[in-house]
Structures are given as C-alpha cells and as structure tokens.
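Undergrad: Let me begin by handing over the structure; questions about it come next.
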Amino acid sequence: MNQQNVFEMKLPIIAYGDPILKRKGIEIDKDYPDLQELIANMFETMYAAHGVGLAAPQIGLGIRLFVIDASPFADDDPALKDFKKVFINAEILEEEGEKWSFNEGCLSIPEIREDISRYPNIRIKYVDENWVVHEEDFTGLAARIIQHEYDHIEGKLFTEKLSPLRKAMIKSKLEAISRGQVDVDYKMKFPLLKRKGR
C-alpha cells in the first residue's frame, strides 16, 4: 500500500543554460509560502531522479534552500547511513584541508560527470526545516555534497570548476542539454527548447 503523502509531487528539474542556475539565491523566512510542502516535493523530485542533493534553483526557485540525502554513499562512508538534511539560508563559514578530487554529476547537467576538486572539511551555518539554527562541521563526502549544493544557491555549477580545455571539450554536450538533446528518465525543463521556432 502506498504510504506517500498525497501532496508530494515530482517537479521538473531545470536544465543547464537556464539563467536561474547562474543567479545567487535570496534568503527566506519561516513564512515562506508552503515551505514544508516544497521541501517534501524537493525530496520526492530528488529521489525520482536518483540524486543525493537538490537545490531550489534547480526547480526554478531563486532561494537559499537545498536538500540532501547522502545515504546511497553509506557503503563508502558508514556515517552517511542516515544523512538526510534540509539546509535553509546556508552560509559556509570555513573551508579547509588539502583539496581532493571526486567524480561528480548534477541533475541539471545529465550524462556529464567530471572529477572536481573540493576542500575536505567545511563549517556551515544554516537553518533546518523546523527553523532551528545550526553551526556544524562536515567532512569527506558529506562536505563535498554540501559544497556542490551550496554552489547552486550561489549561482555556480560544477562545470565552472573545470579547466578551460575541459570546458571546451564538453561545450557541445552542454549546448545539447540546453536544447533538450539528452536522454533522461526524469522530468526536465530545457531553456532552449521553448525558444525553438518549430
């Protein structure tokens, strides 16, 4: 029997090339309309797309909100077994340690995966879904996933961290994604598809 909340719905994920993904998100307050429903929908959307994180700009909302469920990485890091969190109005206070590379992907940039260098340790201040303020340290894969999603609310994509040569090599693939020329099994909105004159 389906125990899911009847209000949960899968939202279309905004594809590479949409200006919302390059815009810095604005802070929200606890009176933001239908916030709990939005958070539930974001988790539902993320799970349907087999992701471990989703930021509000990826569903077309320019606000400082992202959700994470890192449990798929529990085999690599047992500490991530129940790592499910909501980050509202997040601010990274510190990033430290020797940068390390890991292969990353992004739901807004399907079929492209690249080795990205990030700091192993971060300190972040954020508000959770119950409007409790936290200041916490994260390390390893948890820190990496948080940094990836945090970049989204800062208007940055992981492809911006690539070398100029690598960017040039994937340019045509990125343009194809913007036009909807990519095979995905989740709902997406493609910025250049709606502008086609056909």
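Quick note on naming: the chains in the structure tokens go A, B, ... in the order shown, residues restart at 1 in each chain, and ligands are numbered from 1 in order of appearance.
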Give me, as a PDB file with all heavy atoms, in the first residue's frame, all polymer residues having an atom no more than 9 Å from Leu80 in chain A, counting only C-alpha atoms and skipping those fewer than 3 positions away in the same chain.

TA:
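Contents of the output file part_31.pdb:
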```pdb
ATOM      1  N   ASP A  69      20.196  13.850   0.789  1.00  0.00           N
ATOM      2  CA  ASP A  69      20.117  12.528   1.398  1.00  0.00           C
ATOM      3  C   ASP A  69      21.297  11.737   0.853  1.00  0.00           C
ATOM      4  O   ASP A  69      21.274  11.244  -0.280  1.00  0.00           O
ATOM      5  CB  ASP A  69      18.795  11.825   1.073  1.00  0.00           C
ATOM      6  CG  ASP A  69      18.665  10.499   1.827  1.00  0.00           C
ATOM      7  OD1 ASP A  69      19.687   9.989   2.343  1.00  0.00           O
ATOM      8  OD2 ASP A  69      17.540   9.959   1.899  1.00  0.00           O
ATOM      9  N   ALA A  70      22.343  11.647   1.658  1.00  0.00           N
ATOM     10  CA  ALA A  70      23.603  11.024   1.219  1.00  0.00           C
ATOM     11  C   ALA A  70      23.657   9.529   1.506  1.00  0.00           C
ATOM     12  O   ALA A  70      24.704   8.907   1.319  1.00  0.00           O
ATOM     13  CB  ALA A  70      24.780  11.735   1.888  1.00  0.00           C
ATOM     14  N   SER A  71      22.539   8.935   1.948  1.00  0.00           N
ATOM     15  CA  SER A  71      22.564   7.514   2.327  1.00  0.00           C
ATOM     16  C   SER A  71      23.029   6.566   1.214  1.00  0.00           C
ATOM     17  O   SER A  71      23.590   5.515   1.515  1.00  0.00           O
ATOM     18  CB  SER A  71      21.221   7.071   2.901  1.00  0.00           C
ATOM     19  OG  SER A  71      20.174   7.340   2.005  1.00  0.00           O
ATOM     20  N   PRO A  72      22.842   6.889  -0.106  1.00  0.00           N
ATOM     21  CA  PRO A  72      23.386   5.993  -1.136  1.00  0.00           C
ATOM     22  C   PRO A  72      24.911   5.816  -1.045  1.00  0.00           C
ATOM     23  O   PRO A  72      25.455   4.849  -1.579  1.00  0.00           O
ATOM     24  CB  PRO A  72      22.991   6.669  -2.453  1.00  0.00           C
ATOM     25  CG  PRO A  72      21.748   7.422  -2.114  1.00  0.00           C
ATOM     26  CD  PRO A  72      21.994   7.927  -0.711  1.00  0.00           C
ATOM     27  N   PHE A  73      25.600   6.748  -0.368  1.00  0.00           N
ATOM     28  CA  PHE A  73      27.052   6.648  -0.216  1.00  0.00           C
ATOM     29  C   PHE A  73      27.458   5.951   1.086  1.00  0.00           C
ATOM     30  O   PHE A  73      28.630   5.961   1.451  1.00  0.00           O
ATOM     31  CB  PHE A  73      27.699   8.038  -0.264  1.00  0.00           C
ATOM     32  CG  PHE A  73      27.756   8.635  -1.639  1.00  0.00           C
ATOM     33  CD1 PHE A  73      26.964   9.735  -1.961  1.00  0.00           C
ATOM     34  CD2 PHE A  73      28.586   8.100  -2.614  1.00  0.00           C
ATOM     35  CE1 PHE A  73      27.009  10.291  -3.229  1.00  0.00           C
ATOM     36  CE2 PHE A  73      28.643   8.661  -3.890  1.00  0.00           C
ATOM     37  CZ  PHE A  73      27.851   9.759  -4.194  1.00  0.00           C
ATOM     38  N   ALA A  74      26.501   5.348   1.784  1.00  0.00           N
ATOM     39  CA  ALA A  74      26.782   4.719   3.081  1.00  0.00           C
ATOM     40  C   ALA A  74      27.797   3.575   2.979  1.00  0.00           C
ATOM     41  O   ALA A  74      28.533   3.317   3.930  1.00  0.00           O
ATOM     42  CB  ALA A  74      25.490   4.220   3.726  1.00  0.00           C
ATOM     43  N   ASP A  75      27.859   2.902   1.827  1.00  0.00           N
ATOM     44  CA  ASP A  75      28.858   1.837   1.655  1.00  0.00           C
ATOM     45  C   ASP A  75      30.269   2.413   1.669  1.00  0.00           C
ATOM     46  O   ASP A  75      31.198   1.778   2.173  1.00  0.00           O
ATOM     47  CB  ASP A  75      28.632   1.079   0.328  1.00  0.00           C
ATOM     48  CG  ASP A  75      27.404   0.180   0.400  1.00  0.00           C
ATOM     49  OD1 ASP A  75      26.898  -0.054   1.525  1.00  0.00           O
ATOM     50  OD2 ASP A  75      26.942  -0.272  -0.664  1.00  0.00           O
ATOM     51  N   ASP A  76      30.432   3.613   1.105  1.00  0.00           N
ATOM     52  CA  ASP A  76      31.747   4.272   1.097  1.00  0.00           C
ATOM     53  C   ASP A  76      32.057   4.928   2.440  1.00  0.00           C
ATOM     54  O   ASP A  76      33.211   5.007   2.845  1.00  0.00           O
ATOM     55  CB  ASP A  76      31.799   5.351  -0.003  1.00  0.00           C
ATOM     56  CG  ASP A  76      31.575   4.766  -1.388  1.00  0.00           C
ATOM     57  OD1 ASP A  76      32.239   3.781  -1.722  1.00  0.00           O
ATOM     58  OD2 ASP A  76      30.718   5.295  -2.121  1.00  0.00           O
ATOM     59  N   ASP A  77      31.015   5.430   3.096  1.00  0.00           N
ATOM     60  CA  ASP A  77      31.182   6.137   4.363  1.00  0.00           C
ATOM     61  C   ASP A  77      29.980   5.826   5.267  1.00  0.00           C
ATOM     62  O   ASP A  77      28.908   6.409   5.106  1.00  0.00           O
ATOM     63  CB  ASP A  77      31.284   7.646   4.094  1.00  0.00           C
ATOM     64  CG  ASP A  77      31.518   8.452   5.367  1.00  0.00           C
ATOM     65  OD1 ASP A  77      31.430   7.882   6.479  1.00  0.00           O
ATOM     66  OD2 ASP A  77      31.773   9.663   5.249  1.00  0.00           O
ATOM     67  N   PHE A  83      22.064  10.158   6.681  1.00  0.00           N
ATOM     68  CA  PHE A  83      22.391  11.567   6.473  1.00  0.00           C
ATOM     69  C   PHE A  83      21.367  12.217   5.543  1.00  0.00           C
ATOM     70  O   PHE A  83      21.512  12.248   4.328  1.00  0.00           O
ATOM     71  CB  PHE A  83      23.804  11.700   5.892  1.00  0.00           C
ATOM     72  CG  PHE A  83      24.343  13.109   5.932  1.00  0.00           C
ATOM     73  CD1 PHE A  83      25.072  13.549   7.027  1.00  0.00           C
ATOM     74  CD2 PHE A  83      24.109  13.998   4.888  1.00  0.00           C
ATOM     75  CE1 PHE A  83      25.564  14.858   7.077  1.00  0.00           C
ATOM     76  CE2 PHE A  83      24.597  15.298   4.931  1.00  0.00           C
ATOM     77  CZ  PHE A  83      25.325  15.731   6.022  1.00  0.00           C
ATOM     78  N   LYS A  84      20.281  12.690   6.137  1.00  0.00           N
ATOM     79  CA  LYS A  84      19.208  13.362   5.393  1.00  0.00           C
ATOM     80  C   LYS A  84      18.968  14.712   6.054  1.00  0.00           C
ATOM     81  O   LYS A  84      18.607  14.768   7.231  1.00  0.00           O
ATOM     82  CB  LYS A  84      17.937  12.501   5.416  1.00  0.00           C
ATOM     83  CG  LYS A  84      16.774  13.108   4.647  1.00  0.00           C
ATOM     84  CD  LYS A  84      15.558  12.185   4.659  1.00  0.00           C
ATOM     85  CE  LYS A  84      14.373  12.832   3.974  1.00  0.00           C
ATOM     86  NZ  LYS A  84      13.180  11.978   3.957  1.00  0.00           N
ATOM     87  N   LEU A 141      32.749  13.025   2.128  1.00  0.00           N
ATOM     88  CA  LEU A 141      31.676  13.045   1.131  1.00  0.00           C
ATOM     89  C   LEU A 141      30.519  13.957   1.529  1.00  0.00           C
ATOM     90  O   LEU A 141      29.919  14.618   0.685  1.00  0.00           O
ATOM     91  CB  LEU A 141      31.157  11.627   0.871  1.00  0.00           C
ATOM     92  CG  LEU A 141      31.989  10.775  -0.092  1.00  0.00           C
ATOM     93  CD1 LEU A 141      31.496   9.327  -0.088  1.00  0.00           C
ATOM     94  CD2 LEU A 141      31.936  11.338  -1.510  1.00  0.00           C
ATOM     95  N   ALA A 142      30.215  13.993   2.832  1.00  0.00           N
ATOM     96  CA  ALA A 142      29.141  14.887   3.302  1.00  0.00           C
ATOM     97  C   ALA A 142      29.491  16.337   2.966  1.00  0.00           C
ATOM     98  O   ALA A 142      28.666  17.079   2.423  1.00  0.00           O
ATOM     99  CB  ALA A 142      28.923  14.726   4.799  1.00  0.00           C
TER     100      ALA A 142
END
```

Undergrad: Once DSSP has gone over the backbone, tell me which residues of chain A are in helix (DSSP H, G or I), as number ranges by chain.

TA: A: 19-22, 35-48, 56-59, 71-73, 78-80, 140-153, 158-161, 164-178

Undergrad: Hey, what does DSSP flag as strand (DSSP E or B) within range 11-123 of chain A? Can you give it to me as a compact mmCIF listing (two decimals) with C-alpha atoms, in the first residue's frame?

TA:
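Writing the result to out_19.txt gives the following:
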```
# COMPACT_ATOMS: atom_id res chain seq x y z
CA ILE A 13 14.41 19.89 -12.98
CA ILE A 14 15.82 22.95 -14.73
CA ILE A 26 17.91 35.04 -1.77
CA GLY A 53 21.05 16.52 -3.38
CA LEU A 54 18.76 19.11 -4.92
CA ALA A 55 18.82 22.90 -4.65
CA ILE A 63 16.04 30.96 -2.92
CA LEU A 65 17.31 26.18 0.11
CA PHE A 66 18.72 22.73 -0.63
CA VAL A 67 18.04 19.19 0.50
CA ILE A 68 20.43 16.25 0.82
CA ASP A 69 20.12 12.53 1.40
CA LYS A 84 19.21 13.36 5.39
CA LYS A 85 19.13 17.12 5.91
CA VAL A 86 17.46 20.36 4.87
CA PHE A 87 19.62 23.49 4.57
CA ILE A 88 17.90 26.90 4.57
CA ASN A 89 19.79 30.21 4.27
CA ALA A 90 23.08 28.34 4.46
CA GLU A 91 26.40 30.13 4.72
CA ILE A 92 29.73 28.31 4.52
CA LEU A 93 31.93 29.87 7.21
CA GLU A 94 35.13 27.87 6.63
CA GLU A 95 36.62 25.51 4.06
CA GLU A 96 39.91 23.84 4.89
CA TRP A 100 40.70 16.23 -3.17
CA SER A 101 39.07 15.13 -6.41
CA PHE A 102 35.94 13.05 -6.80
CA ASN A 103 33.74 12.30 -9.79
CA GLU A 104 30.63 14.49 -9.63
CA GLY A 105 27.45 14.78 -11.66
CA CYS A 106 24.46 17.09 -11.50
CA ILE A 109 23.54 18.55 -16.34
CA PRO A 110 22.65 14.91 -17.13
CA GLU A 111 25.16 12.49 -18.67
CA ILE A 112 28.15 14.68 -17.77
CA ARG A 113 30.40 13.58 -14.94
CA GLU A 114 33.75 15.17 -14.11
CA ASP A 115 36.45 14.96 -11.45
CA ILE A 116 36.03 18.03 -9.25
CA SER A 117 38.47 19.26 -6.62
CA ARG A 118 36.98 20.43 -3.30
CA ASN A 121 36.37 19.99 5.66
CA ILE A 122 33.75 22.72 6.00
CA ARG A 123 31.92 24.64 8.69
```

Undergrad: Excluding same-chain residues fewer than 5 positions from Ser172 in chain A, what lies within 12 Å of it counting only C-alpha atoms, as a list of chain:residue names?

TA: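 Residues near the query, excluding close chain neighbours: A:Ile112, A:Arg166, A:Lys167, A:Ile177, A:Ser178, A:Arg179, A:Gln181, A:Val182.
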
Undergrad: Identify which of the residues A:Pro12, A:Pro120, A:Gly25, A:Gly180 lies closest to Arg64 in chain A, counting only C-alpha atoms when measuring atom-to-atom distances.

TA: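 Comparing A:Pro12, A:Pro120, A:Gly25, A:Gly180 against Arg64 in chain A, the winner is A:Gly25.
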